[in-house]
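K.L.:
Just passing along the structure, written as structure tokens.
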Amino acid sequence: MKNITVVGSGTMGSGIAHCFGQFGFDVKLVDLNEDALKKALEKIWKNLDRQVNKGILTIEDKAAALNRIKTYTDLNLAISSADLVIEAATENQALKAKIFQQIDEAAPAHCILASNTSSLSITTLASYTKRPEKVIGMHFMNPVPVMRLVEIIKGYQTDEATLSAIEELTKAIEKVPLVAADYPGFVANRILLPMINEAIETLFQGVGTVETIDEMMKLGMGHPMGPLRLADFIGLDVCLSVLEVLHQGFGKDKYAPCPLLRNMVASGNLGVKTKRGFYDYSQNPKQPVPLTF
Ligand code: NAD
């Protein structure tokens, strides 16, 4: 596989494009408008720079990586010669269904179709295509250039050739593929999101403050980042939609999203990407200020 198309250039899509560009793949990055793509390229530039400063990459490596990433607003054009399409658009079933139908129609027959979905069924996404055996989940972790895990989700009809090709490709970008079956939340988010939801519920009930909840989990459990800060980082809208999928998929109240999370999403306070979530990121991004609820 040489030609990789990434659909969606937000938090995750930009990171995925960065990694494939870094490891020598030709990347086509797609979004709805030039503004989103410009922001994505700026972010990739900044993150590559960070790797140069840490001595991971040379200036030449950075330039070569950037050179391999081309941007597109025309999806059909961007997938016409793709070996692999990784969909990393907004977490929305109807939107992803539409994208998968379009990709299936326009991508070459040999092309594998992957989704970076946090929680939606890969088997259902595959049902919108005529090549369900070539549809698979590639769930990258945030921030993509730093985190080594890729959770690989084998849909009900994903074949062994697709699975092994994706495992090999994941290793080629120096990440670790671990396979999960296709059930709500797969493995990683089925465990992570209930913990984040419980942290929000704990805040909602006034049992602890943003700071005490996060510090307890850091100092007491050895987590590198507290659950509320992590929720801001993931995006509160993404957290809410994963919890909805777990709640609906298992039909158990233990997955019901906290009302505070719903209010924050409804009011557009989505975390780092809107500069306000459980912390205020508008003042000093290095030291976000915990908010009072
Ligand atoms: P995001 O909101 O940062 O970015 C989504 C991007 O998709 C936006 O730039 C949007 O303009 C674009 N988009 C929407 N419709 C499109 C279309 N039809 N064609 C092309 N682009 C389109 O979201 P994100 O956090 O990057 O999440 C993307 C996916 O990755 C979601 O499925 C999410 O569940 C998953 N994911 C997110 C995280 C995380 O920590 N944020 C982690 C793992 C997986």
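Chain labels run A, B, ... following the order of the structure tokens; each chain numbers its residues from 1, and ligands are numbered from 1 in the order shown.
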Identify, counting only C-alpha atoms and all ligand atoms, the protein, DNA and RNA residues located within 8 Å of ligand 1, and give them as a ChimeraX atom specification.
P.N.:
/A:7-14,30-33,36-37,73,75,87-92,95-96,98-99,115-120,139-143,233-235,238,241-242,273
K.L.:
Within 10 Å of range 191-193 of chain A, counting only C-alpha atoms, which residues qualify if same-chain residues fewer than 5 places away don't, as a PyMOL selection string?
P.N.:
chain A and resi 185-186+198-199+227+231+239-240+242-243+246+255+257
K.L.:
As a PDB file with all heavy atoms, in the first residue's frame, please: the residues near range 206-208 of chain A (cut-off 12 Å, only C-alpha atoms, same-chain neighbours under 6 positions excluded).
P.N.:
ATOM      1  N   GLU A 198     -18.260   8.780  34.742  1.00  0.00           N
ATOM      2  CA  GLU A 198     -18.351   8.730  36.211  1.00  0.00           C
ATOM      3  C   GLU A 198     -17.634   9.936  36.825  1.00  0.00           C
ATOM      4  O   GLU A 198     -18.090  10.485  37.838  1.00  0.00           O
ATOM      5  CB  GLU A 198     -17.744   7.412  36.722  1.00  0.00           C
ATOM      6  CG  GLU A 198     -18.201   6.995  38.099  1.00  0.00           C
ATOM      7  CD  GLU A 198     -19.721   6.831  38.231  1.00  0.00           C
ATOM      8  OE1 GLU A 198     -20.375   6.398  37.280  1.00  0.00           O
ATOM      9  OE2 GLU A 198     -20.251   7.165  39.306  1.00  0.00           O
ATOM     10  N   ALA A 199     -16.529  10.359  36.209  1.00  0.00           N
ATOM     11  CA  ALA A 199     -15.831  11.557  36.694  1.00  0.00           C
ATOM     12  C   ALA A 199     -16.741  12.778  36.544  1.00  0.00           C
ATOM     13  O   ALA A 199     -16.822  13.622  37.445  1.00  0.00           O
ATOM     14  CB  ALA A 199     -14.536  11.759  35.907  1.00  0.00           C
ATOM     15  N   ILE A 200     -17.479  12.869  35.424  1.00  0.00           N
ATOM     16  CA  ILE A 200     -18.387  14.006  35.194  1.00  0.00           C
ATOM     17  C   ILE A 200     -19.548  13.955  36.198  1.00  0.00           C
ATOM     18  O   ILE A 200     -19.946  14.954  36.781  1.00  0.00           O
ATOM     19  CB  ILE A 200     -18.908  14.019  33.736  1.00  0.00           C
ATOM     20  CG1 ILE A 200     -17.730  14.091  32.752  1.00  0.00           C
ATOM     21  CG2 ILE A 200     -19.860  15.197  33.504  1.00  0.00           C
ATOM     22  CD1 ILE A 200     -18.094  13.889  31.285  1.00  0.00           C
ATOM     23  N   ASP A 214      -9.363  15.296  38.863  1.00  0.00           N
ATOM     24  CA  ASP A 214      -8.248  14.990  37.952  1.00  0.00           C
ATOM     25  C   ASP A 214      -6.965  14.654  38.714  1.00  0.00           C
ATOM     26  O   ASP A 214      -6.266  13.683  38.370  1.00  0.00           O
ATOM     27  CB  ASP A 214      -8.010  16.162  36.989  1.00  0.00           C
ATOM     28  CG  ASP A 214      -8.880  16.045  35.738  1.00  0.00           C
ATOM     29  OD1 ASP A 214      -9.626  15.057  35.632  1.00  0.00           O
ATOM     30  OD2 ASP A 214      -8.808  16.935  34.877  1.00  0.00           O
ATOM     31  N   GLU A 215      -6.684  15.415  39.771  1.00  0.00           N
ATOM     32  CA  GLU A 215      -5.438  15.159  40.529  1.00  0.00           C
ATOM     33  C   GLU A 215      -5.495  13.800  41.215  1.00  0.00           C
ATOM     34  O   GLU A 215      -4.493  13.099  41.309  1.00  0.00           O
ATOM     35  CB  GLU A 215      -5.195  16.270  41.559  1.00  0.00           C
ATOM     36  CG  GLU A 215      -4.669  17.560  40.952  1.00  0.00           C
ATOM     37  CD  GLU A 215      -3.398  17.373  40.115  1.00  0.00           C
ATOM     38  OE1 GLU A 215      -2.389  16.904  40.627  1.00  0.00           O
ATOM     39  OE2 GLU A 215      -3.448  17.689  38.906  1.00  0.00           O
ATOM     40  N   MET A 216      -6.679  13.414  41.719  1.00  0.00           N
ATOM     41  CA  MET A 216      -6.792  12.109  42.388  1.00  0.00           C
ATOM     42  C   MET A 216      -6.470  10.969  41.433  1.00  0.00           C
ATOM     43  O   MET A 216      -5.781  10.025  41.784  1.00  0.00           O
ATOM     44  CB  MET A 216      -8.195  11.923  42.969  1.00  0.00           C
ATOM     45  CG  MET A 216      -8.352  12.656  44.270  1.00  0.00           C
ATOM     46  SD  MET A 216      -9.669  11.980  45.238  1.00  0.00           S
ATOM     47  CE  MET A 216     -10.085  13.430  46.205  1.00  0.00           C
ATOM     48  N   MET A 217      -6.986  11.084  40.228  1.00  0.00           N
ATOM     49  CA  MET A 217      -6.747  10.004  39.267  1.00  0.00           C
ATOM     50  C   MET A 217      -5.285   9.998  38.800  1.00  0.00           C
ATOM     51  O   MET A 217      -4.729   8.937  38.486  1.00  0.00           O
ATOM     52  CB  MET A 217      -7.693  10.123  38.069  1.00  0.00           C
ATOM     53  CG  MET A 217      -9.151   9.966  38.442  1.00  0.00           C
ATOM     54  SD  MET A 217      -9.498   8.443  39.338  1.00  0.00           S
ATOM     55  CE  MET A 217      -9.493   7.243  38.025  1.00  0.00           C
ATOM     56  N   LEU A 228     -11.208  14.373  33.348  1.00  0.00           N
ATOM     57  CA  LEU A 228     -11.923  15.550  32.816  1.00  0.00           C
ATOM     58  C   LEU A 228     -11.063  16.261  31.779  1.00  0.00           C
ATOM     59  O   LEU A 228     -11.541  16.703  30.742  1.00  0.00           O
ATOM     60  CB  LEU A 228     -12.321  16.489  33.962  1.00  0.00           C
ATOM     61  CG  LEU A 228     -13.263  15.844  34.997  1.00  0.00           C
ATOM     62  CD1 LEU A 228     -13.479  16.754  36.197  1.00  0.00           C
ATOM     63  CD2 LEU A 228     -14.604  15.475  34.362  1.00  0.00           C
ATOM     64  N   LEU A 260     -24.842  16.819  32.847  1.00  0.00           N
ATOM     65  CA  LEU A 260     -23.892  17.936  32.703  1.00  0.00           C
ATOM     66  C   LEU A 260     -23.151  17.843  31.363  1.00  0.00           C
ATOM     67  O   LEU A 260     -22.955  18.846  30.678  1.00  0.00           O
ATOM     68  CB  LEU A 260     -22.891  17.938  33.874  1.00  0.00           C
ATOM     69  CG  LEU A 260     -21.731  18.935  33.781  1.00  0.00           C
ATOM     70  CD1 LEU A 260     -22.230  20.377  33.675  1.00  0.00           C
ATOM     71  CD2 LEU A 260     -20.798  18.791  34.993  1.00  0.00           C
ATOM     72  N   THR A 292     -15.574  26.163  37.505  1.00  0.00           N
ATOM     73  CA  THR A 292     -16.472  25.763  38.594  1.00  0.00           C
ATOM     74  C   THR A 292     -17.846  25.487  37.980  1.00  0.00           C
ATOM     75  O   THR A 292     -18.318  26.273  37.159  1.00  0.00           O
ATOM     76  CB  THR A 292     -16.597  26.907  39.612  1.00  0.00           C
ATOM     77  OG1 THR A 292     -15.284  27.325  39.935  1.00  0.00           O
ATOM     78  CG2 THR A 292     -17.310  26.471  40.858  1.00  0.00           C
ATOM     79  N   PHE A 293     -18.477  24.395  38.361  1.00  0.00           N
ATOM     80  CA  PHE A 293     -19.797  24.046  37.798  1.00  0.00           C
ATOM     81  C   PHE A 293     -20.883  24.136  38.859  1.00  0.00           C
ATOM     82  O   PHE A 293     -20.649  23.877  40.003  1.00  0.00           O
ATOM     83  CB  PHE A 293     -19.755  22.635  37.200  1.00  0.00           C
ATOM     84  CG  PHE A 293     -18.917  22.613  35.958  1.00  0.00           C
ATOM     85  CD1 PHE A 293     -17.545  22.453  36.036  1.00  0.00           C
ATOM     86  CD2 PHE A 293     -19.486  22.836  34.729  1.00  0.00           C
ATOM     87  CE1 PHE A 293     -16.763  22.471  34.899  1.00  0.00           C
ATOM     88  CE2 PHE A 293     -18.704  22.861  33.592  1.00  0.00           C
ATOM     89  CZ  PHE A 293     -17.348  22.675  33.679  1.00  0.00           C
TER      90      PHE A 293
END
K.L.:
Would you return as a list in words the members of range 122-286 of chain A that DSSP assigns to strand (DSSP E) on this structure's backbone?
P.N.:
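Reading the DSSP output for range 122-286 of chain A, strand (DSSP E) covers Val135, Ile136, Gly137, Met138, His139, Phe140, Leu149, Val150, Glu151, Ile152, Ile153, Lys154, Val176, Pro177, Leu178, Val179, Ala180, Ala181, Tyr279 and Asp280 of chain A.
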K.L.:
To test your reading of the structure, identify every residue in range 44-284 of chain A that backbone DSSP assigns to helix (DSSP H, G or I), and report it as a PyMOL selection string.
P.N.:
chain A and resi 44-53+59-68+75-79+93-106+122-127+132-134+160-172+188-204+210-221+227-234+236-250+253-255+259-266+272-274
K.L.:
Since we have the selection now, will you write its residues out, keeping C-alpha atoms, as a tab-separated table (two decimals), in the first residue's frame?
P.N.:
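Result went into again_39.tsv, see below:
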chain	number	residue	atom	x	y	z
A	44	ILE	CA	0.70	18.96	11.23
A	45	TRP	CA	3.45	21.55	10.67
A	46	LYS	CA	3.49	22.39	14.39
A	47	ASN	CA	3.53	18.74	15.50
A	48	LEU	CA	6.31	17.83	13.05
A	49	ASP	CA	8.25	20.79	14.40
A	50	ARG	CA	7.85	19.39	17.90
A	51	GLN	CA	9.35	16.09	16.69
A	52	VAL	CA	12.28	18.00	15.16
A	53	ASN	CA	12.87	19.83	18.46
A	59	ILE	CA	14.36	19.34	9.27
A	60	GLU	CA	14.64	17.40	5.99
A	61	ASP	CA	12.36	14.62	7.33
A	62	LYS	CA	9.81	17.26	8.29
A	63	ALA	CA	9.89	18.89	4.86
A	64	ALA	CA	9.60	15.49	3.13
A	65	ALA	CA	6.64	14.50	5.30
A	66	LEU	CA	4.81	17.75	4.57
A	67	ASN	CA	5.56	17.36	0.89
A	68	ARG	CA	3.85	13.96	0.82
A	75	LEU	CA	-13.59	13.35	-2.32
A	76	ASN	CA	-13.91	11.47	-5.64
A	77	LEU	CA	-10.68	12.96	-6.92
A	78	ALA	CA	-8.84	12.14	-3.69
A	79	ILE	CA	-9.81	8.46	-3.72
A	93	GLN	CA	-23.82	7.41	11.67
A	94	ALA	CA	-25.77	9.06	8.80
A	95	LEU	CA	-22.75	11.08	7.70
A	96	LYS	CA	-20.44	8.07	7.75
A	97	ALA	CA	-23.02	5.97	5.88
A	98	LYS	CA	-23.07	8.56	3.11
A	99	ILE	CA	-19.28	8.78	2.98
A	100	PHE	CA	-18.90	4.97	2.84
A	101	GLN	CA	-21.42	4.73	-0.03
A	102	GLN	CA	-19.55	7.42	-1.96
A	103	ILE	CA	-16.11	5.92	-1.29
A	104	ASP	CA	-17.30	2.46	-2.29
A	105	GLU	CA	-18.57	3.77	-5.61
A	106	ALA	CA	-15.47	5.79	-6.52
A	122	ILE	CA	-17.93	-1.48	11.45
A	123	THR	CA	-20.31	-4.20	10.28
A	124	THR	CA	-23.04	-1.59	9.76
A	125	LEU	CA	-20.65	0.75	7.89
A	126	ALA	CA	-19.63	-2.23	5.74
A	127	SER	CA	-23.29	-2.87	4.88
A	132	PRO	CA	-17.88	-5.64	3.22
A	133	GLU	CA	-14.92	-8.05	3.33
A	134	LYS	CA	-12.60	-5.07	2.73
A	160	GLU	CA	-8.29	-12.35	6.90
A	161	ALA	CA	-6.40	-10.75	3.97
A	162	THR	CA	-7.76	-7.31	4.91
A	163	LEU	CA	-6.99	-7.86	8.58
A	164	SER	CA	-3.40	-8.93	7.99
A	165	ALA	CA	-2.75	-6.13	5.45
A	166	ILE	CA	-3.93	-3.55	7.99
A	167	GLU	CA	-1.91	-5.13	10.81
A	168	GLU	CA	1.23	-4.94	8.64
A	169	LEU	CA	0.50	-1.35	7.62
A	170	THR	CA	0.04	-0.34	11.25
A	171	LYS	CA	3.46	-1.78	12.08
A	172	ALA	CA	4.95	0.10	9.10
A	188	ALA	CA	-10.69	0.77	24.56
A	189	ASN	CA	-13.73	3.07	24.73
A	190	ARG	CA	-15.97	0.53	26.43
A	191	ILE	CA	-13.63	0.83	29.41
A	192	LEU	CA	-12.50	4.47	29.08
A	193	LEU	CA	-15.82	6.28	28.51
A	194	PRO	CA	-17.70	4.91	31.56
A	195	MET	CA	-14.74	6.13	33.66
A	196	ILE	CA	-14.93	9.62	32.11
A	197	ASN	CA	-18.73	9.67	32.54
A	198	GLU	CA	-18.35	8.73	36.21
A	199	ALA	CA	-15.83	11.56	36.69
A	200	ILE	CA	-18.39	14.01	35.19
A	201	GLU	CA	-21.15	12.54	37.39
A	202	THR	CA	-18.89	12.97	40.44
A	203	LEU	CA	-18.38	16.64	39.51
A	204	PHE	CA	-22.12	17.07	38.78
A	210	VAL	CA	-12.49	19.57	38.42
A	211	GLU	CA	-9.02	19.86	39.93
A	212	THR	CA	-9.44	17.35	42.78
A	213	ILE	CA	-11.03	14.73	40.52
A	214	ASP	CA	-8.25	14.99	37.95
A	215	GLU	CA	-5.44	15.16	40.53
A	216	MET	CA	-6.79	12.11	42.39
A	217	MET	CA	-6.75	10.00	39.27
A	218	LYS	CA	-3.25	11.25	38.38
A	219	LEU	CA	-1.62	10.93	41.78
A	220	GLY	CA	-3.61	7.96	43.05
A	221	MET	CA	-3.99	5.83	39.93
A	227	PRO	CA	-10.37	12.05	33.18
A	228	LEU	CA	-11.92	15.55	32.82
A	229	ARG	CA	-8.86	16.95	31.09
A	230	LEU	CA	-8.81	13.85	28.90
A	231	ALA	CA	-12.50	14.38	28.04
A	232	ASP	CA	-11.69	17.97	26.95
A	233	PHE	CA	-8.87	16.62	24.88
A	234	ILE	CA	-10.99	13.93	23.16
A	236	LEU	CA	-17.01	16.38	24.71
A	237	ASP	CA	-19.21	15.83	21.64
A	238	VAL	CA	-17.19	12.70	20.80
A	239	CYS	CA	-17.47	11.50	24.44
A	240	LEU	CA	-21.25	12.02	24.37
A	241	SER	CA	-21.76	10.15	21.13
A	242	VAL	CA	-19.67	7.17	22.30
A	243	LEU	CA	-21.72	7.00	25.52
A	244	GLU	CA	-24.96	7.12	23.50
A	245	VAL	CA	-23.74	4.18	21.42
A	246	LEU	CA	-22.82	2.18	24.55
A	247	HIS	CA	-26.16	3.08	26.18
A	248	GLN	CA	-28.22	2.10	23.15
A	249	GLY	CA	-26.05	-0.86	22.16
A	250	PHE	CA	-26.13	-2.60	25.57
A	253	ASP	CA	-28.41	2.52	32.45
A	254	LYS	CA	-24.82	2.39	33.66
A	255	TYR	CA	-23.82	3.91	30.31
A	259	PRO	CA	-26.81	15.51	32.17
A	260	LEU	CA	-23.89	17.94	32.70
A	261	LEU	CA	-22.11	16.44	29.70
A	262	ARG	CA	-25.28	16.90	27.60
A	263	ASN	CA	-25.56	20.55	28.66
A	264	MET	CA	-21.94	21.28	27.86
A	265	VAL	CA	-22.25	19.77	24.39
A	266	ALA	CA	-25.57	21.55	23.72
A	272	VAL	CA	-9.84	21.99	23.76
A	273	LYS	CA	-11.19	22.44	20.22
A	274	THR	CA	-13.59	25.22	21.31
K.L.:
I'd like the contact shell of Arg148 in chain A - 7 Å cut-off, only C-alpha atoms, skipping same-chain residues fewer than 2 positions apart - returned as a list in words.
P.N.:
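The residues that qualify are Val146, Val150, Lys175 and Val176 of chain A.
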K.L.:
Just want the 6 Å neighbourhood of Thr5 in chain A, counted on only C-alpha atoms, with same-chain residues fewer than 6 positions away dropped. Output as a list in words.
P.N.:
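Non-adjacent residues within range: Val27, Lys28, Leu29 and Val85 of chain A.
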K.L.:
Please dump the current selection as a short mmCIF file (atom, residue, chain, number, x, y, z; two decimals), in the first residue's frame; keep all heavy atoms.
P.N.:
data_model
loop_
_atom_site.label_atom_id
_atom_site.label_comp_id
_atom_site.auth_asym_id
_atom_site.auth_seq_id
_atom_site.Cartn_x
_atom_site.Cartn_y
_atom_site.Cartn_z
N VAL A 27 -0.05 10.82 0.88
CA VAL A 27 -1.31 11.03 1.60
C VAL A 27 -2.16 12.09 0.91
O VAL A 27 -1.66 13.16 0.55
CB VAL A 27 -1.03 11.50 3.05
CG1 VAL A 27 -2.34 11.68 3.82
CG2 VAL A 27 -0.12 10.51 3.78
N LYS A 28 -3.44 11.77 0.77
CA LYS A 28 -4.40 12.77 0.28
C LYS A 28 -5.37 13.02 1.44
O LYS A 28 -6.04 12.10 1.90
CB LYS A 28 -5.13 12.25 -0.97
CG LYS A 28 -4.19 12.06 -2.16
CD LYS A 28 -4.97 11.70 -3.41
CE LYS A 28 -4.10 11.73 -4.65
NZ LYS A 28 -3.14 10.62 -4.75
N LEU A 29 -5.41 14.26 1.88
CA LEU A 29 -6.22 14.63 3.04
C LEU A 29 -7.43 15.42 2.56
O LEU A 29 -7.28 16.43 1.86
CB LEU A 29 -5.36 15.44 4.01
CG LEU A 29 -5.99 15.89 5.32
CD1 LEU A 29 -6.49 14.70 6.14
CD2 LEU A 29 -4.96 16.68 6.16
N VAL A 85 -8.48 3.90 2.13
CA VAL A 85 -9.14 5.13 2.56
C VAL A 85 -9.42 5.00 4.05
O VAL A 85 -9.99 3.99 4.49
CB VAL A 85 -10.47 5.37 1.80
CG1 VAL A 85 -11.15 6.64 2.31
CG2 VAL A 85 -10.22 5.48 0.30
#
K.L.:
So how many Å separate CA of Thr71 in chain A and CA of His110 in chain A, to one decimal?
P.N.:
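Taking CA of Thr71 in chain A and CA of His110 in chain A, their separation equals 22.6 Å.
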K.L.:
Choose the residue, out of A:Ile152, A:Val144, A:Met1, A:Ala40, that has the smallest atom-to-atom separation from Ser81 in chain A; count only C-alpha atoms.
P.N.:
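The closest residue to Ser81 in chain A is A:Met1.
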